[in-house]
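Participant: Structure provided below as structure tokens; questions to follow.
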Number of protein chains: 2
Amino acid sequence: MTEYLAPLEKLIEQFRKLPGVGRKSAVRMAFSILDLSDEAAEGFTSAILDAKRQICNCEICHNLSVDSICPICADSTRNQSLICVVEDAKAIMAFEKVRGFRGVYHVLGGVISPINGVTPDKLAINDLVKRVEENNVEEVIIATNPTVEGETTATYISKLLKRSGTTVSRLAYGIPVGGDIEYADEVTLNRAIEGRRSFE
Amino acid sequence: MTEYLAPLEKLIEQFRKLPGVGRKSAVRMAFSILDLSDEAAEGFTSAILDAKRQICNCEICHNLSVDSICPICADSTRNQSLICVVEDAKAIMAFEKVRGFRGVYHVLGGVISPINGVTPDKLAINDLVKRVEENNVEEVIIATNPTVEGETTATYISKLLKRSGTTVSRLAYGIPVGGDIEYADEVTLNRAIEGRRSFE
């Protein structure tokens with residue numbers, strides 16, 4: 001591996017930490033920074049610091065927000081008694097794109113994964129239980145990813161919420177729209193059969 | 001297109017300006033910045049500013065350097081009368097990896113491309129001519145890329161250097177080592193025939 005000048009190497013190392021960036025991309029990015037004007041470089045660094053400084057977590061749902069309460073929780077036209085539980089704030093964006101969901105969210109901040117040191121107390125689970133119990137919540141939709149950890153987390157939360165008497169549901173699994181049954185994996189196909197619905 | 005929070009959108013836009021980064025990658029990168037600790041985020045920004053501040057161009061060859069004279073120009077064991085002319089500092093790294101070249105370099109800072117507003121006076125060409133005339137330079141190897149602009153620049157420089165009496169050469173063109181003749185494009189194959197060498 002070629003060694004660049006020390007300040008350049010440091011910058012390359014920083015870029016390598018970004019998701020999906022390998023050594024070659026990091027080198028290209030670092031060189032592009034050197035080509036920037038001083039103002040442009042400062043624009044870049046202040047964008048990083050501003051984002052870190054200005055963005056906090058909503059006090060109610062832990063979504064990313066510039067205010068203490070996020071726009072979704074503050075929106076009185078939304079159904080505050082329907083909570084969709086997601087792993088991270090990125091998932092909220094996916095739901096908001098569809099515009100079909102008019103409830104509110106709750107961001108866990110990850111999934112239970114003891115092997116990675118993520119125990120239930122490290123997630124916003126107790127917070128969710130408290131929120132459900134203190135407010136008149138009718139339904140909680142658990143929308144963790146269909147991974148082993150996501151499933152475990154969903155089961156864990158559903159058990160905790162049982163005593164509150166709230167309806168707890170899970171997103172439907174099945175063949176994705178536009179997908180081909182021929183190429184669906186066995187687990188997905190099995191879930192699609194289990195979750196079949198009668199024509200009404 | 002989904003709109004994120006304003007400070008996040010600004011950060012995404014900054015990442016999009018990096019080479020090879022599309023919208024989706026930029027979003028992932030921006031979110032990863034939010035997950036950084038405050039110290040890590042400051043480490044990132046100071047790496048950017050340090051690189052910009054500490055790295056300048058070598059006064060002799062315009063290579064990237066932390067000192068006013070780069071380590072290659074300052075190295076007395078290198079042949080100062082053999083200059084390899086390259087488009088940018090990245091090309092120097094490619095030559096240094098081979099370790100076969102013991103001369104010095106001259107970075108043009110681009111190639112002549114009037115359509116992009118790059119006229120010869122915007123490049124370090126006059127500088128090169130002066131350097132060749134003032135020092136006892138024996139040979140100049142022009143190593144611009146084999147593009148139309150690179151070729152034009154090479155021809156332009158070779159004409160300028162003619163009156164100095166220095167030998168001006170060009171990198172050899174031909175089939176890349178490990179390449180397959182069957183798949184070589186016509187221009188490359190033609191150059192390989194033109195540049196053929198007799199067995200010694």
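Naming works like this for the structure tokens: A, B, ... for the chains as they're shown, residue 1 at the start of each chain, ligands 1 onward in shown order.
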Quick one: everything within 9 Å of Ala6 of chain B, counting only C-alpha atoms, minus sequence neighbours fewer than 5 positions away in the same chain. Send it as a ChimeraX atom specification.
Facilitator: /A:51,66 /B:11
Participant: Could I get the residues of chain B with an atom no further than 6 Å from an atom of chain A, each paired with its nearest atom pair and that distance in Å to one decimal, using only C-alpha atoms, sorted by chain and residue number, as a tab-separated table?
Facilitator:
residue	atom	partner	partner_atom	distance
B:Pro7	CA	A:Ala51	CA	4.9
B:Leu8	CA	A:Ala51	CA	5.8
B:Leu11	CA	A:Ala47	CA	5.2
B:Gln14	CA	A:Phe44	CA	5.9
B:Leu18	CA	A:Met29	CA	5.8
B:Met29	CA	A:Leu18	CA	5.8
B:Leu34	CA	A:Lys52	CA	5.8
B:Phe44	CA	A:Gln14	CA	5.9
B:Thr45	CA	A:Thr45	CA	5.1
B:Ala47	CA	A:Leu11	CA	5.2
B:Ala51	CA	A:Pro7	CA	4.9
B:Lys52	CA	A:Leu34	CA	5.8
Participant: Store the residues picked out above in a file with N, CA, C and O atoms, as a PDB file, in the first residue's frame.
Facilitator:
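Resulting contents of again03.pdb:
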ATOM      1  N   PRO B   7     -30.535  20.559   8.206  1.00  0.00           N
ATOM      2  CA  PRO B   7     -29.083  20.366   8.408  1.00  0.00           C
ATOM      3  C   PRO B   7     -28.601  19.046   7.812  1.00  0.00           C
ATOM      4  O   PRO B   7     -27.469  18.955   7.335  1.00  0.00           O
ATOM      5  N   LEU B   8     -29.471  18.049   7.804  1.00  0.00           N
ATOM      6  CA  LEU B   8     -29.117  16.749   7.246  1.00  0.00           C
ATOM      7  C   LEU B   8     -29.048  16.849   5.721  1.00  0.00           C
ATOM      8  O   LEU B   8     -28.117  16.325   5.089  1.00  0.00           O
ATOM      9  N   LEU B  11     -25.839  18.400   4.696  1.00  0.00           N
ATOM     10  CA  LEU B  11     -24.722  17.463   4.814  1.00  0.00           C
ATOM     11  C   LEU B  11     -24.749  16.466   3.651  1.00  0.00           C
ATOM     12  O   LEU B  11     -23.711  16.146   3.060  1.00  0.00           O
ATOM     13  N   GLN B  14     -23.335  18.007   0.627  1.00  0.00           N
ATOM     14  CA  GLN B  14     -21.873  18.079   0.689  1.00  0.00           C
ATOM     15  C   GLN B  14     -21.248  16.739   0.291  1.00  0.00           C
ATOM     16  O   GLN B  14     -20.287  16.697  -0.468  1.00  0.00           O
ATOM     17  N   LEU B  18     -18.685  14.750  -3.473  1.00  0.00           N
ATOM     18  CA  LEU B  18     -17.489  13.907  -3.533  1.00  0.00           C
ATOM     19  C   LEU B  18     -17.565  13.009  -4.763  1.00  0.00           C
ATOM     20  O   LEU B  18     -18.660  12.647  -5.202  1.00  0.00           O
ATOM     21  N   MET B  29     -24.005   8.106   4.297  1.00  0.00           N
ATOM     22  CA  MET B  29     -22.848   8.756   4.918  1.00  0.00           C
ATOM     23  C   MET B  29     -23.282   9.807   5.930  1.00  0.00           C
ATOM     24  O   MET B  29     -22.733   9.889   7.022  1.00  0.00           O
ATOM     25  N   LEU B  34     -24.132  11.353  11.931  1.00  0.00           N
ATOM     26  CA  LEU B  34     -24.972  11.606  13.106  1.00  0.00           C
ATOM     27  C   LEU B  34     -24.708  10.580  14.208  1.00  0.00           C
ATOM     28  O   LEU B  34     -24.859  10.869  15.392  1.00  0.00           O
ATOM     29  N   PHE B  44     -12.984  14.219  12.228  1.00  0.00           N
ATOM     30  CA  PHE B  44     -13.234  14.234  10.794  1.00  0.00           C
ATOM     31  C   PHE B  44     -13.018  15.649  10.222  1.00  0.00           C
ATOM     32  O   PHE B  44     -12.271  15.851   9.256  1.00  0.00           O
ATOM     33  N   THR B  45     -13.656  16.622  10.861  1.00  0.00           N
ATOM     34  CA  THR B  45     -13.558  17.979  10.322  1.00  0.00           C
ATOM     35  C   THR B  45     -12.131  18.522  10.438  1.00  0.00           C
ATOM     36  O   THR B  45     -11.659  19.193   9.525  1.00  0.00           O
ATOM     37  N   ALA B  47      -9.451  16.750  10.281  1.00  0.00           N
ATOM     38  CA  ALA B  47      -8.645  16.074   9.254  1.00  0.00           C
ATOM     39  C   ALA B  47      -8.788  16.795   7.915  1.00  0.00           C
ATOM     40  O   ALA B  47      -7.821  16.974   7.178  1.00  0.00           O
ATOM     41  N   ALA B  51      -5.618  18.869   6.376  1.00  0.00           N
ATOM     42  CA  ALA B  51      -5.101  18.499   5.056  1.00  0.00           C
ATOM     43  C   ALA B  51      -5.040  19.736   4.162  1.00  0.00           C
ATOM     44  O   ALA B  51      -4.048  19.980   3.465  1.00  0.00           O
ATOM     45  N   LYS B  52      -6.113  20.541   4.190  1.00  0.00           N
ATOM     46  CA  LYS B  52      -6.149  21.755   3.368  1.00  0.00           C
ATOM     47  C   LYS B  52      -5.050  22.728   3.796  1.00  0.00           C
ATOM     48  O   LYS B  52      -4.407  23.363   2.965  1.00  0.00           O
TER      49      LYS B  52
END
Participant: Could you tell me how far atom CA of Arg78 of chain B sits from atom CA of Leu160 of chain B, in Å to one decimal place?
Facilitator: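 If I compute the distance from atom CA of Leu160 of chain B to atom CA of Arg78 of chain B, I get 25.1 Å.
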Participant: Please return, as number ranges by chain, all residues of segment 1-178 of chain B that DSSP assigns to alpha helix (DSSP H) on the basis of the backbone.
Facilitator: B: 6-16, 23-35, 38-54, 71-74, 89-98, 125-134, 148-162
Participant: Select from segment 25-187 of chain A everything DSSP, run on the backbone, classes as strand (DSSP E), then give the selection as a ChimeraX atom specification.
Facilitator: /A:56-57,64-65,79-86,103-107,139-142,167-170
Participant: Determine, counting only C-alpha atoms, which protein, DNA and RNA residues have an atom within 8 Å of an atom of Leu123 of chain A; residues of the same chain fewer than 2 positions away are not included. Present the result as a list in words.
Facilitator: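 Here the answer would be Leu108, Gly109, Gly110, Val111, Ile112, Val118, Thr119, Pro120, Asp121, Ile125 and Asn126 of chain A.
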Participant: Please produce a file of those selected residues containing N, CA, C and O atoms, as a JSON list (two decimals), in the first residue's frame.
Facilitator:
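The new file selection_22.json reads:
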[["chain", "number", "residue", "atom", "x", "y", "z"],
["A", 108, "LEU", "N", -36.49, 2.69, 18.16],
["A", 108, "LEU", "CA", -35.83, 1.89, 19.20],
["A", 108, "LEU", "C", -34.36, 2.23, 19.33],
["A", 108, "LEU", "O", -33.78, 2.13, 20.40],
["A", 109, "GLY", "N", -33.74, 2.60, 18.23],
["A", 109, "GLY", "CA", -32.30, 2.86, 18.25],
["A", 109, "GLY", "C", -31.49, 1.59, 18.07],
["A", 109, "GLY", "O", -30.34, 1.53, 18.48],
["A", 110, "GLY", "N", -32.08, 0.59, 17.43],
["A", 110, "GLY", "CA", -31.37, -0.67, 17.18],
["A", 110, "GLY", "C", -32.26, -1.86, 17.46],
["A", 110, "GLY", "O", -33.47, -1.72, 17.59],
["A", 111, "VAL", "N", -31.65, -3.04, 17.50],
["A", 111, "VAL", "CA", -32.39, -4.26, 17.82],
["A", 111, "VAL", "C", -31.62, -5.02, 18.89],
["A", 111, "VAL", "O", -30.41, -4.82, 19.05],
["A", 112, "ILE", "N", -32.32, -5.89, 19.60],
["A", 112, "ILE", "CA", -31.68, -6.68, 20.65],
["A", 112, "ILE", "C", -30.66, -7.63, 19.99],
["A", 112, "ILE", "O", -31.00, -8.36, 19.06],
["A", 118, "VAL", "N", -25.87, -5.45, 22.66],
["A", 118, "VAL", "CA", -27.09, -4.65, 22.71],
["A", 118, "VAL", "C", -28.17, -5.41, 23.48],
["A", 118, "VAL", "O", -28.83, -6.30, 22.95],
["A", 119, "THR", "N", -28.31, -5.08, 24.73],
["A", 119, "THR", "CA", -29.33, -5.69, 25.58],
["A", 119, "THR", "C", -30.57, -4.78, 25.56],
["A", 119, "THR", "O", -30.44, -3.61, 25.19],
["A", 120, "PRO", "N", -31.75, -5.30, 25.94],
["A", 120, "PRO", "CA", -32.98, -4.50, 25.84],
["A", 120, "PRO", "C", -32.88, -3.14, 26.52],
["A", 120, "PRO", "O", -33.49, -2.17, 26.05],
["A", 121, "ASP", "N", -32.11, -3.04, 27.61],
["A", 121, "ASP", "CA", -32.04, -1.76, 28.34],
["A", 121, "ASP", "C", -31.28, -0.69, 27.55],
["A", 121, "ASP", "O", -31.35, 0.49, 27.87],
["A", 125, "ILE", "N", -36.92, 0.69, 24.72],
["A", 125, "ILE", "CA", -38.04, -0.22, 24.91],
["A", 125, "ILE", "C", -38.88, 0.15, 26.15],
["A", 125, "ILE", "O", -40.10, 0.25, 26.07],
["A", 126, "ASN", "N", -38.19, 0.41, 27.26],
["A", 126, "ASN", "CA", -38.92, 0.79, 28.48],
["A", 126, "ASN", "C", -39.71, 2.07, 28.24],
["A", 126, "ASN", "O", -40.84, 2.22, 28.72]]
Participant: My list of candidates is B:Leu171, B:Ser81, B:Tyr183, B:Ser164. Which is closest to Phe95 of chain B when distances are computed with only C-alpha atoms?
Facilitator: B:Leu171
Participant: Env of segment 139-147 of chain A: 8 Å cut, atoms = only C-alpha atoms, seq-sep filter 4 positions within chain, self excluded. Answer as number ranges by chain.
Facilitator: A: 81-87, 111, 151, 153-154, 166-171
